[in-house]
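Trainee: Input structure: run-v7.txt, which contains compact mmCIF, C-alpha atoms (C1' of nucleotides).
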```
# COMPACT_ATOMS: atom_id res chain seq x y z
CA MET A 1 131.01 92.75 100.05
CA ALA A 2 129.93 89.48 98.55
CA SER A 3 132.54 86.86 97.70
CA ASN A 4 133.77 86.24 94.18
CA ALA A 5 131.89 82.96 94.12
CA VAL A 6 128.66 84.72 94.93
CA MET A 7 129.34 87.39 92.32
CA GLU A 8 129.84 84.72 89.68
CA GLU A 9 126.76 82.86 90.79
CA THR A 10 124.56 85.92 90.76
CA LEU A 11 125.91 87.00 87.39
CA GLN A 12 124.81 83.68 86.01
CA ILE A 13 121.40 83.99 87.64
CA LEU A 14 120.82 87.34 85.98
CA LYS A 15 121.87 85.98 82.61
CA ASP A 16 119.72 82.88 83.02
CA HIS A 17 116.73 85.09 83.58
CA LYS A 18 117.61 87.28 80.62
CA LEU A 19 117.93 90.30 82.83
CA ARG A 20 120.21 93.08 81.71
CA VAL A 21 123.25 93.02 83.94
CA THR A 22 123.83 96.32 85.67
CA PRO A 23 126.09 96.95 88.65
CA GLN A 24 123.03 97.79 90.75
CA ARG A 25 121.20 94.58 89.97
CA HIS A 26 124.32 92.54 90.39
CA ILE A 27 125.24 93.92 93.76
CA ILE A 28 121.70 93.86 95.13
CA LEU A 29 121.21 90.25 94.12
CA ALA A 30 124.59 89.32 95.55
CA TYR A 31 123.62 90.98 98.80
CA LEU A 32 120.38 89.03 98.98
CA VAL A 33 122.03 85.74 98.10
CA SER A 34 124.73 86.12 100.72
CA HIS A 35 122.55 87.47 103.51
CA HIS A 36 119.53 85.94 105.12
CA ASN A 37 118.45 88.94 107.07
CA HIS A 38 115.25 89.65 105.11
CA PRO A 39 116.20 93.27 104.55
CA THR A 40 114.05 96.27 103.75
CA VAL A 41 114.93 98.71 101.00
CA GLU A 42 116.41 100.99 103.63
CA ILE A 43 118.64 98.25 105.01
CA ILE A 44 119.88 97.36 101.53
CA ARG A 45 120.57 100.98 100.83
CA ASP A 46 122.59 101.43 104.01
CA ALA A 47 124.49 98.20 103.44
CA LEU A 48 125.44 99.00 99.87
CA GLY A 49 125.93 102.71 100.30
CA LYS A 50 129.69 102.38 100.34
CA GLU A 51 129.86 100.49 97.09
CA LEU A 52 127.26 102.48 95.17
CA PRO A 53 126.74 105.75 97.03
CA ASN A 54 124.49 107.24 94.38
CA MET A 55 122.09 104.37 94.12
CA GLY A 56 118.59 105.81 94.31
CA ALA A 57 115.84 104.31 96.41
CA SER A 58 113.66 103.93 93.33
CA THR A 59 116.36 101.83 91.71
CA ILE A 60 116.28 99.44 94.63
CA TYR A 61 112.50 99.27 94.44
CA ASN A 62 112.59 98.73 90.69
CA THR A 63 115.26 96.08 90.98
CA LEU A 64 113.50 94.18 93.74
CA ASN A 65 110.19 94.31 91.91
CA THR A 66 111.90 92.90 88.86
CA PHE A 67 113.37 90.09 90.93
CA VAL A 68 109.97 89.38 92.43
CA ASP A 69 108.44 89.23 88.95
CA HIS A 70 111.08 86.67 88.02
CA HIS A 71 110.41 84.70 91.21
CA LEU A 72 113.98 85.20 92.39
CA VAL A 73 112.84 87.05 95.46
CA VAL A 74 109.75 87.04 97.66
CA GLU A 75 108.19 89.89 99.59
CA LEU A 76 107.43 89.61 103.27
CA GLN A 77 105.51 91.75 105.75
CA ASN A 78 106.33 91.47 109.42
CA GLY A 79 104.10 94.22 110.66
CA ASP A 80 106.69 96.99 110.87
CA GLY A 81 105.15 98.88 107.95
CA SER A 82 107.76 98.23 105.29
CA THR A 83 108.31 95.34 102.93
CA HIS A 84 111.07 92.82 103.54
CA TYR A 85 112.75 90.86 100.76
CA ASP A 86 114.16 87.38 100.69
CA TYR A 87 116.15 85.57 98.04
CA PHE A 88 114.23 82.44 97.24
CA GLY A 89 116.92 80.03 96.05
CA THR A 90 115.58 76.99 97.81
CA PRO A 91 111.98 76.28 98.86
CA HIS A 92 111.25 77.39 102.37
CA TYR A 93 108.71 79.34 104.35
CA HIS A 94 108.88 81.85 107.14
CA ALA A 95 108.25 82.03 110.84
CA ILE A 96 107.52 85.59 111.92
CA CYS A 97 107.64 86.86 115.48
CA THR A 98 104.47 88.72 116.40
CA ASN A 99 106.34 90.68 119.04
CA CYS A 100 109.62 91.82 117.47
CA GLY A 101 109.09 91.07 113.79
CA ARG A 102 112.02 88.66 113.51
CA ILE A 103 111.76 86.48 110.43
CA VAL A 104 113.44 83.09 110.14
CA ASP A 105 113.56 80.68 107.24
CA VAL A 106 112.13 77.24 107.85
CA THR A 107 112.03 74.02 105.90
CA TYR A 108 111.99 70.32 106.66
CA PRO A 109 112.09 67.04 104.77
CA GLY A 110 108.70 66.57 103.21
CA PHE A 111 107.86 70.27 103.08
CA SER A 112 107.95 70.13 99.33
CA ASP A 113 105.27 67.44 99.37
CA THR A 114 103.10 69.50 101.69
CA GLU A 115 103.42 72.41 99.31
CA LYS A 116 102.64 70.35 96.23
CA ASN A 117 99.65 68.80 97.92
CA LEU A 118 98.28 72.21 98.91
CA GLU A 119 98.69 73.52 95.39
CA GLN A 120 97.04 70.51 93.83
CA LYS A 121 94.10 70.62 96.19
CA THR A 122 93.73 74.32 95.54
CA ALA A 123 93.73 73.81 91.79
CA GLU A 124 91.03 71.14 92.05
CA ILE A 125 88.79 73.17 94.30
CA SER A 126 89.21 76.68 92.95
CA GLY A 127 89.98 76.10 89.29
CA TYR A 128 92.95 78.42 89.56
CA MET A 129 96.03 77.65 87.48
CA ILE A 130 98.56 77.64 90.28
CA SER A 131 101.89 79.38 89.97
CA GLY A 132 103.12 79.51 93.55
CA ASN A 133 102.34 79.88 97.21
CA HIS A 134 103.37 81.56 100.41
CA MET A 135 103.16 80.08 103.84
CA GLU A 136 103.85 81.94 107.03
CA VAL A 137 103.69 80.83 110.61
CA TYR A 138 103.32 83.32 113.43
CA GLY A 139 104.41 83.14 117.01
CA LEU A 140 106.87 84.34 119.59
CA CYS A 141 110.54 83.85 118.81
CA PRO A 142 112.67 82.24 121.55
CA GLU A 143 114.12 85.60 122.55
CA CYS A 144 110.74 87.22 122.99
CA GLN A 145 109.45 84.25 124.96
CA ILE A 146 112.21 84.91 127.47
CA LYS A 147 111.83 88.68 127.28
CA LEU A 148 108.14 88.39 128.04
CA GLY A 149 108.63 85.78 130.74
CA ILE A 150 106.53 83.17 129.02
CA LYS A 151 106.89 79.53 129.97
CA ASN A 152 106.35 76.93 127.31
CA ASN A 153 104.36 74.33 129.22
CA GLU A 154 105.53 71.13 127.63
CA MET B 1 71.89 95.35 105.58
CA ALA B 2 72.73 92.21 107.50
CA SER B 3 69.92 89.93 108.69
CA ASN B 4 68.71 89.89 112.26
CA ALA B 5 70.30 86.50 112.75
CA VAL B 6 73.68 87.90 111.73
CA MET B 7 73.20 90.92 113.96
CA GLU B 8 72.49 88.67 116.91
CA GLU B 9 75.42 86.45 116.09
CA THR B 10 77.87 89.32 115.75
CA LEU B 11 76.60 90.92 118.93
CA GLN B 12 77.44 87.74 120.76
CA ILE B 13 80.86 87.57 119.12
CA LEU B 14 81.70 91.06 120.32
CA LYS B 15 80.56 90.24 123.83
CA ASP B 16 82.47 86.97 123.85
CA HIS B 17 85.63 88.85 123.03
CA LYS B 18 84.89 91.48 125.66
CA LEU B 19 84.81 94.19 123.05
CA ARG B 20 82.75 97.25 123.80
CA VAL B 21 79.68 97.12 121.59
CA THR B 22 79.34 100.18 119.41
CA PRO B 23 77.14 100.60 116.35
CA GLN B 24 80.26 100.94 114.20
CA ARG B 25 81.84 97.72 115.38
CA HIS B 26 78.58 95.87 115.22
CA ILE B 27 77.76 96.88 111.69
CA ILE B 28 81.30 96.37 110.37
CA LEU B 29 81.52 92.90 111.86
CA ALA B 30 78.08 92.04 110.53
CA TYR B 31 79.17 93.18 107.10
CA LEU B 32 82.26 90.99 107.20
CA VAL B 33 80.37 87.97 108.51
CA SER B 34 77.69 88.21 105.85
CA HIS B 35 79.97 89.01 102.91
CA HIS B 36 82.85 87.05 101.52
CA ASN B 37 84.17 89.71 99.21
CA HIS B 38 87.41 90.42 101.09
CA PRO B 39 86.71 94.15 101.16
CA THR B 40 89.07 97.06 101.57
CA VAL B 41 88.38 99.91 103.97
CA GLU B 42 87.05 101.92 101.06
CA ILE B 43 84.63 99.18 100.03
CA ILE B 44 83.36 98.86 103.58
CA ARG B 45 82.93 102.59 103.79
CA ASP B 46 80.94 102.75 100.58
CA ALA B 47 78.82 99.77 101.54
CA LEU B 48 77.92 101.09 104.98
CA GLY B 49 77.69 104.74 104.05
CA LYS B 50 73.90 104.65 104.01
CA GLU B 51 73.63 103.24 107.49
CA LEU B 52 76.36 105.29 109.14
CA PRO B 53 77.10 108.23 106.85
CA ASN B 54 79.46 109.90 109.27
CA MET B 55 81.67 106.93 109.96
CA GLY B 56 85.29 108.06 109.63
CA ALA B 57 87.91 106.09 107.77
CA SER B 58 90.07 105.95 110.87
CA THR B 59 87.24 104.33 112.76
CA ILE B 60 87.11 101.56 110.19
CA TYR B 61 90.87 101.12 110.41
CA ASN B 62 90.75 101.10 114.20
CA THR B 63 87.90 98.66 114.24
CA LEU B 64 89.50 96.27 111.78
CA ASN B 65 92.83 96.40 113.58
CA THR B 66 91.03 95.55 116.80
CA PHE B 67 89.34 92.60 115.10
CA VAL B 68 92.70 91.45 113.74
CA ASP B 69 94.21 91.64 117.22
CA HIS B 70 91.40 89.44 118.46
CA HIS B 71 91.90 87.01 115.58
CA LEU B 72 88.39 87.59 114.31
CA VAL B 73 89.65 88.94 111.02
CA VAL B 74 92.73 88.43 108.86
CA GLU B 75 94.48 90.89 106.59
CA LEU B 76 95.22 90.07 102.96
CA GLN B 77 97.30 91.71 100.25
CA ASN B 78 96.43 91.00 96.65
CA GLY B 79 98.86 93.38 95.05
CA ASP B 80 96.49 96.29 94.46
CA GLY B 81 98.15 98.41 97.13
CA SER B 82 95.50 98.31 99.81
CA THR B 83 94.75 95.82 102.55
CA HIS B 84 91.80 93.46 102.25
CA TYR B 85 89.99 92.01 105.25
CA ASP B 86 88.34 88.66 105.78
CA TYR B 87 86.22 87.39 108.64
CA PHE B 88 87.91 84.25 109.86
CA GLY B 89 85.06 82.25 111.34
CA THR B 90 86.16 78.89 110.02
CA PRO B 91 89.69 77.78 109.08
CA HIS B 92 90.49 78.37 105.46
CA TYR B 93 93.15 79.84 103.26
CA HIS B 94 93.17 81.99 100.15
CA ALA B 95 93.81 81.62 96.46
CA ILE B 96 94.79 84.94 94.92
CA CYS B 97 94.75 85.72 91.22
CA THR B 98 98.04 87.20 90.08
CA ASN B 99 96.31 88.93 87.20
CA CYS B 100 93.13 90.51 88.58
CA GLY B 101 93.62 90.21 92.33
CA ARG B 102 90.52 88.10 92.92
CA ILE B 103 90.63 86.33 96.26
CA VAL B 104 88.69 83.15 96.99
CA ASP B 105 88.41 81.16 100.19
CA VAL B 106 89.58 77.56 100.04
CA THR B 107 89.44 74.65 102.40
CA TYR B 108 89.19 70.90 102.15
CA PRO B 109 88.85 67.91 104.47
CA GLY B 110 92.20 67.40 106.11
CA PHE B 111 93.32 70.99 105.72
CA SER B 112 93.25 71.40 109.46
CA ASP B 113 95.72 68.52 109.80
CA THR B 114 98.02 70.06 107.23
CA GLU B 115 97.94 73.28 109.20
CA LYS B 116 98.57 71.62 112.53
CA ASN B 117 101.44 69.63 111.06
CA LEU B 118 103.04 72.75 109.64
CA GLU B 119 102.75 74.55 112.96
CA GLN B 120 104.17 71.65 114.92
CA LYS B 121 107.11 71.22 112.57
CA THR B 122 107.77 74.94 112.72
CA ALA B 123 107.76 74.94 116.51
CA GLU B 124 110.23 72.07 116.62
CA ILE B 125 112.61 73.60 114.13
CA SER B 126 112.47 77.29 114.99
CA GLY B 127 111.68 77.25 118.69
CA TYR B 128 108.89 79.74 118.11
CA MET B 129 105.78 79.48 120.26
CA ILE B 130 103.23 79.29 117.47
CA SER B 131 100.04 81.30 117.54
CA GLY B 132 98.81 81.06 113.96
CA ASN B 133 99.58 80.87 110.28
CA HIS B 134 98.66 82.18 106.88
CA MET B 135 98.73 80.24 103.69
CA GLU B 136 98.19 81.72 100.28
CA VAL B 137 98.25 80.11 96.88
CA TYR B 138 98.80 82.17 93.74
CA GLY B 139 97.69 81.58 90.22
CA LEU B 140 95.31 82.62 87.49
CA CYS B 141 91.62 82.52 88.31
CA PRO B 142 89.37 80.72 85.79
CA GLU B 143 88.16 84.03 84.33
CA CYS B 144 91.65 85.34 83.72
CA GLN B 145 92.70 82.03 82.17
CA ILE B 146 90.00 82.57 79.59
CA LYS B 147 90.66 86.28 79.28
CA LEU B 148 94.32 85.61 78.59
CA GLY B 149 93.59 82.73 76.25
CA ILE B 150 95.49 80.21 78.32
CA LYS B 151 94.83 76.52 77.88
CA ASN B 152 95.19 74.28 80.90
CA ASN B 153 97.00 71.28 79.44
CA GLU B 154 95.62 68.44 81.45
C1' DG C 1 131.72 102.20 67.44
C1' DA C 2 126.87 103.63 66.66
C1' DT C 3 122.28 102.53 67.78
C1' DT C 4 118.59 101.58 70.61
C1' DA C 5 116.08 99.95 74.08
C1' DC C 6 116.32 99.72 78.73
C1' DA C 7 117.98 101.14 83.50
C1' DT C 8 119.16 104.68 86.81
C1' DT C 9 118.71 109.18 89.22
C1' DG C 10 116.60 112.44 91.98
C1' DG C 11 112.85 114.50 93.32
C1' DA C 12 108.04 115.21 93.23
C1' DA C 13 103.65 113.03 93.78
C1' DT C 14 100.69 109.55 95.50
C1' DG C 15 97.81 107.33 98.64
C1' DG C 16 96.99 104.01 102.25
C1' DT C 17 97.34 104.16 107.08
C1' DT C 18 98.23 106.26 111.48
C1' DC C 19 98.10 110.05 114.62
C1' DT C 20 96.04 113.84 117.23
C1' DT C 21 92.50 116.49 119.47
C1' DA C 22 88.12 117.27 120.84
C1' DC C 23 83.92 115.23 121.33
C1' DT C 24 80.70 111.42 122.17
C1' DT C 25 79.16 107.21 124.14
C1' DA C 26 78.95 102.45 126.25
C1' DT C 27 79.62 100.51 130.55
C1' DT C 28 79.77 100.23 135.64
C1' DA C 29 78.58 101.30 140.01
C1' DA C 30 76.04 103.98 143.28
C1' DT D 1 68.22 106.05 136.83
C1' DT D 2 71.87 108.68 136.95
C1' DA D 3 76.75 109.95 137.48
C1' DA D 4 81.34 108.84 136.60
C1' DT D 5 84.89 107.23 133.61
C1' DA D 6 87.13 104.60 130.56
C1' DA D 7 86.96 103.83 125.88
C1' DG D 8 85.53 104.77 121.06
C1' DT D 9 84.62 107.99 117.22
C1' DA D 10 85.07 111.94 113.88
C1' DA D 11 87.69 114.90 111.12
C1' DG D 12 91.50 116.04 109.16
C1' DA D 13 96.40 116.66 109.40
C1' DA D 14 100.61 114.10 109.23
C1' DC D 15 103.40 110.31 107.98
C1' DC D 16 106.09 107.56 105.11
C1' DA D 17 106.72 103.66 102.08
C1' DT D 18 106.29 103.30 97.39
C1' DT D 19 105.50 104.82 92.71
C1' DC D 20 105.85 108.05 89.06
C1' DC D 21 108.20 111.18 85.96
C1' DA D 22 111.60 113.48 82.99
C1' DA D 23 116.25 113.66 82.07
C1' DT D 24 120.40 111.29 81.80
C1' DG D 25 123.28 107.26 81.47
C1' DT D 26 124.47 102.64 79.96
C1' DA D 27 124.31 97.54 78.56
C1' DA D 28 123.58 94.79 74.71
C1' DT D 29 123.31 94.14 69.60
C1' DC D 30 124.88 94.49 65.05
```
What is this structure when it is put down as structure tokens?

Mentor:
Amino acid sequence: MASNAVMEETLQILKDHKLRVTPQRHIILAYLVSHHNHPTVEIIRDALGKELPNMGASTIYNTLNTFVDHHLVVELQNGDGSTHYDYFGTPHYHAICTNCGRIVDVTYPGFSDTEKNLEQKTAEISGYMISGNHMEVYGLCPECQIKLGIKNNE
Amino acid sequence: MASNAVMEETLQILKDHKLRVTPQRHIILAYLVSHHNHPTVEIIRDALGKELPNMGASTIYNTLNTFVDHHLVVELQNGDGSTHYDYFGTPHYHAICTNCGRIVDVTYPGFSDTEKNLEQKTAEISGYMISGNHMEVYGLCPECQIKLGIKNNE
DNA sequence: GATTACATTGGAATGGTTCTTACTTATTAA
DNA sequence: TTAATAAGTAAGAACCATTCCAATGTAATC
């Protein structure tokens, strides 16, 4: 269960975005804010099953799609066939393991400038009116490097 | 139908990657190399139906997945529910219209440095052994800006 | 508290992708 | 050139994540 602080925070987020506050939306958002596990719908359902046993899968899909529309959440694919979701409170991007699918959040000082620069260049070249971006970096996570017996020659 | 030059080029690509040369692979790769329309499996099937009428959908999926594994092709999602494919001969990224799904290739001088920098930073921070990346920028394409009556205030 | 527009449920339907089996073929070596 | 075999293809069934639908429930407004 999410802390009271998180519940208050997420309540405010919903209100700020003029989203009707339902228990389902509230608890799903609180889960996403307080976890960084990039869950699938199934994982969310299992995790929240005790608090809202009757929550339908379509509700979770609807809710997450709403959050995505409001740019609260981003969708991620790691190759396992289902969509993963990530609360997007602060700018970051993702490193995805090509072997096990593990997703980690990454950011660094100056990332925001890199992003802005990419968007500006894109606008100039393509004529698109930019609204956002996604960056992903692929590779082997540290665990899989060991598991596969790979030596980083550096 | 792809030109002879493209057919020769793609034949060499297949050989370079030690892929068994079949008519299906050859013609699909030639189609991707000579088109920049980011096709779906269905589009490829329709386009090549005259040349190989009996080509099964699973063959196209298998072939494209093989190309993806060999980093010849990248997969793209534009929100229409099916996967789009793009021959990745030269480094570039994609701008995707959030309204109509149109995908355009983008690159600019210095993009390669941006990419390398992102990968290096990611390796340092996450410990991943990096093998690649995908960048996407979202926005409204020029057509949709007009269609939706949006003025770019600049 | 009544109204109304919106959200949730539960299950059916959808559809893109993968899987399976039998068949065919590209490659290699003799 | 031919035989052997490892690999690819065809066709369609199966899978399964996601969406759709109709009925019910509920949050927000006045």

Trainee: Hey, which bits of chain B sit within 12 Å of chain D, and for each residue what's the closest pair of atoms and how far apart in Å (one decimal), counting only C-alpha atoms (C1' of nucleotides), rows by chain and increasing number, as a tab-separated table?

Mentor:
```
residue	atom	partner	partner_atom	distance
B:Leu19	CA	D:DA7	C1'	10.3
B:Arg20	CA	D:DA7	C1'	8.1
B:Val21	CA	D:DG8	C1'	9.6
B:Thr22	CA	D:DG8	C1'	7.9
B:Pro23	CA	D:DG8	C1'	10.5
B:Gln24	CA	D:DT9	C1'	8.8
B:Arg25	CA	D:DG8	C1'	9.8
B:Leu52	CA	D:DT9	C1'	11.9
B:Pro53	CA	D:DA10	C1'	11.3
B:Asn54	CA	D:DA10	C1'	7.5
B:Met55	CA	D:DA10	C1'	7.2
B:Gly56	CA	D:DA10	C1'	5.8
B:Ala57	CA	D:DA10	C1'	8.9
B:Ser58	CA	D:DA10	C1'	8.4
B:Thr59	CA	D:DT9	C1'	6.3
B:Ile60	CA	D:DT9	C1'	9.8
B:Tyr61	CA	D:DT9	C1'	11.5
B:Asn62	CA	D:DG8	C1'	9.4
B:Thr63	CA	D:DG8	C1'	9.5
B:Thr66	CA	D:DG8	C1'	11.6
B:Gly81	CA	D:DT18	C1'	9.5
```

Trainee: Within 8 Å of chain B, which residues of chain A are there when counting only C-alpha atoms? Please give them as a PDB file with C-alpha atoms, in the coordinates of the input.

Mentor:
```pdb
ATOM      1  CA  ALA A  95     108.250  82.030 110.840  1.00  0.00           C
ATOM      2  CA  CYS A  97     107.640  86.860 115.480  1.00  0.00           C
ATOM      3  CA  VAL A 104     113.440  83.090 110.140  1.00  0.00           C
ATOM      4  CA  VAL A 106     112.130  77.240 107.850  1.00  0.00           C
ATOM      5  CA  TYR A 108     111.990  70.320 106.660  1.00  0.00           C
ATOM      6  CA  THR A 114     103.100  69.500 101.690  1.00  0.00           C
ATOM      7  CA  GLU A 119      98.690  73.520  95.390  1.00  0.00           C
ATOM      8  CA  LYS A 121      94.100  70.620  96.190  1.00  0.00           C
ATOM      9  CA  THR A 122      93.730  74.320  95.540  1.00  0.00           C
ATOM     10  CA  ILE A 125      88.790  73.170  94.300  1.00  0.00           C
ATOM     11  CA  SER A 126      89.210  76.680  92.950  1.00  0.00           C
ATOM     12  CA  GLY A 127      89.980  76.100  89.290  1.00  0.00           C
ATOM     13  CA  TYR A 128      92.950  78.420  89.560  1.00  0.00           C
ATOM     14  CA  MET A 129      96.030  77.650  87.480  1.00  0.00           C
ATOM     15  CA  ILE A 130      98.560  77.640  90.280  1.00  0.00           C
ATOM     16  CA  SER A 131     101.890  79.380  89.970  1.00  0.00           C
ATOM     17  CA  GLY A 132     103.120  79.510  93.550  1.00  0.00           C
ATOM     18  CA  ASN A 133     102.340  79.880  97.210  1.00  0.00           C
ATOM     19  CA  HIS A 134     103.370  81.560 100.410  1.00  0.00           C
ATOM     20  CA  MET A 135     103.160  80.080 103.840  1.00  0.00           C
ATOM     21  CA  GLU A 136     103.850  81.940 107.030  1.00  0.00           C
ATOM     22  CA  VAL A 137     103.690  80.830 110.610  1.00  0.00           C
ATOM     23  CA  TYR A 138     103.320  83.320 113.430  1.00  0.00           C
ATOM     24  CA  GLY A 139     104.410  83.140 117.010  1.00  0.00           C
ATOM     25  CA  LEU A 140     106.870  84.340 119.590  1.00  0.00           C
ATOM     26  CA  CYS A 141     110.540  83.850 118.810  1.00  0.00           C
ATOM     27  CA  PRO A 142     112.670  82.240 121.550  1.00  0.00           C
ATOM     28  CA  GLN A 145     109.450  84.250 124.960  1.00  0.00           C
ATOM     29  CA  ASN A 152     106.350  76.930 127.310  1.00  0.00           C
TER      30      ASN A 152
END
```

Trainee: At what distance in Å, to one decimal, does CA of His71 in chain B lie from CA of Leu148 in chain A?

Mentor: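 Value for the CA of Leu148 in chain A-CA of His71 in chain B distance: 20.5 Å.
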
Trainee: Taking a cut-off of 8 Å and counting all atoms listed in the file, can you build a table that, for each residue of chain C near chain A, reports the nearest atom pair and how far apart they are in Å (one decimal), sorted by chain then residue number, as CSV?

Mentor:
```
residue,atom,partner,partner_atom,distance
C:DA7,C1',A:Thr22,CA,7.9
C:DT8,C1',A:Thr59,CA,6.3
C:DT9,C1',A:Gly56,CA,6.1
C:DG10,C1',A:Gly56,CA,7.3
```

Trainee: In Å, how far is it from CA of Arg45 in chain B to CA of Tyr31 in chain B?

Mentor: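 Separation of CA of Arg45 in chain B and CA of Tyr31 in chain B: 10.7 Å.
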
Trainee: Work out how far apart CA of His38 in chain A and CA of Asn99 in chain A are and give it in Å to one decimal.

Mentor: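 It comes out at 16.6 Å.
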
Trainee: Taking all atoms listed in the file into account, name the residue in A:Asn4, A:Asn78, A:Asn65, A:Thr10 that is nearest to Ile103 in chain A.

Mentor: A:Asn78

Trainee: Writing C-alpha atoms (C1' of nucleotides) and nothing else, produce chain D as a PDB file, in the first residue's frame.

Mentor:
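Saved file result27.pdb follows:
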```
ATOM      1  C1'  DT D   1      26.263 -32.820 -60.876  1.00  0.00           C
ATOM      2  C1'  DT D   2      24.132 -34.947 -57.529  1.00  0.00           C
ATOM      3  C1'  DA D   3      23.055 -36.385 -52.778  1.00  0.00           C
ATOM      4  C1'  DA D   4      22.561 -35.094 -48.177  1.00  0.00           C
ATOM      5  C1'  DT D   5      20.970 -31.996 -44.712  1.00  0.00           C
ATOM      6  C1'  DA D   6      20.196 -28.059 -42.450  1.00  0.00           C
ATOM      7  C1'  DA D   7      17.285 -24.340 -42.890  1.00  0.00           C
ATOM      8  C1'  DG D   8      13.290 -21.749 -44.773  1.00  0.00           C
ATOM      9  C1'  DT D   9       8.442 -21.522 -46.312  1.00  0.00           C
ATOM     10  C1'  DA D  10       3.300 -22.207 -46.536  1.00  0.00           C
ATOM     11  C1'  DA D  11      -1.035 -22.608 -44.466  1.00  0.00           C
ATOM     12  C1'  DG D  12      -3.724 -22.241 -40.965  1.00  0.00           C
ATOM     13  C1'  DA D  13      -4.581 -23.002 -36.150  1.00  0.00           C
ATOM     14  C1'  DA D  14      -3.548 -21.106 -31.721  1.00  0.00           C
ATOM     15  C1'  DC D  15      -2.307 -17.544 -28.648  1.00  0.00           C
ATOM     16  C1'  DC D  16      -2.933 -13.656 -25.906  1.00  0.00           C
ATOM     17  C1'  DA D  17      -2.649  -8.751 -25.093  1.00  0.00           C
ATOM     18  C1'  DT D  18      -5.805  -5.325 -25.830  1.00  0.00           C
ATOM     19  C1'  DT D  19     -10.161  -3.277 -27.132  1.00  0.00           C
ATOM     20  C1'  DC D  20     -15.038  -3.217 -27.415  1.00  0.00           C
ATOM     21  C1'  DC D  21     -19.698  -3.509 -25.656  1.00  0.00           C
ATOM     22  C1'  DA D  22     -23.852  -3.309 -22.750  1.00  0.00           C
ATOM     23  C1'  DA D  23     -25.247  -2.951 -18.234  1.00  0.00           C
ATOM     24  C1'  DT D  24     -24.393  -1.134 -13.883  1.00  0.00           C
ATOM     25  C1'  DG D  25     -22.333   1.989 -10.628  1.00  0.00           C
ATOM     26  C1'  DT D  26     -20.519   6.387  -9.067  1.00  0.00           C
ATOM     27  C1'  DA D  27     -18.138  11.100  -8.782  1.00  0.00           C
ATOM     28  C1'  DA D  28     -19.049  15.743  -9.511  1.00  0.00           C
ATOM     29  C1'  DT D  29     -22.342  19.669 -10.092  1.00  0.00           C
ATOM     30  C1'  DC D  30     -26.128  22.425  -8.924  1.00  0.00           C
TER      31       DC D  30
END
```
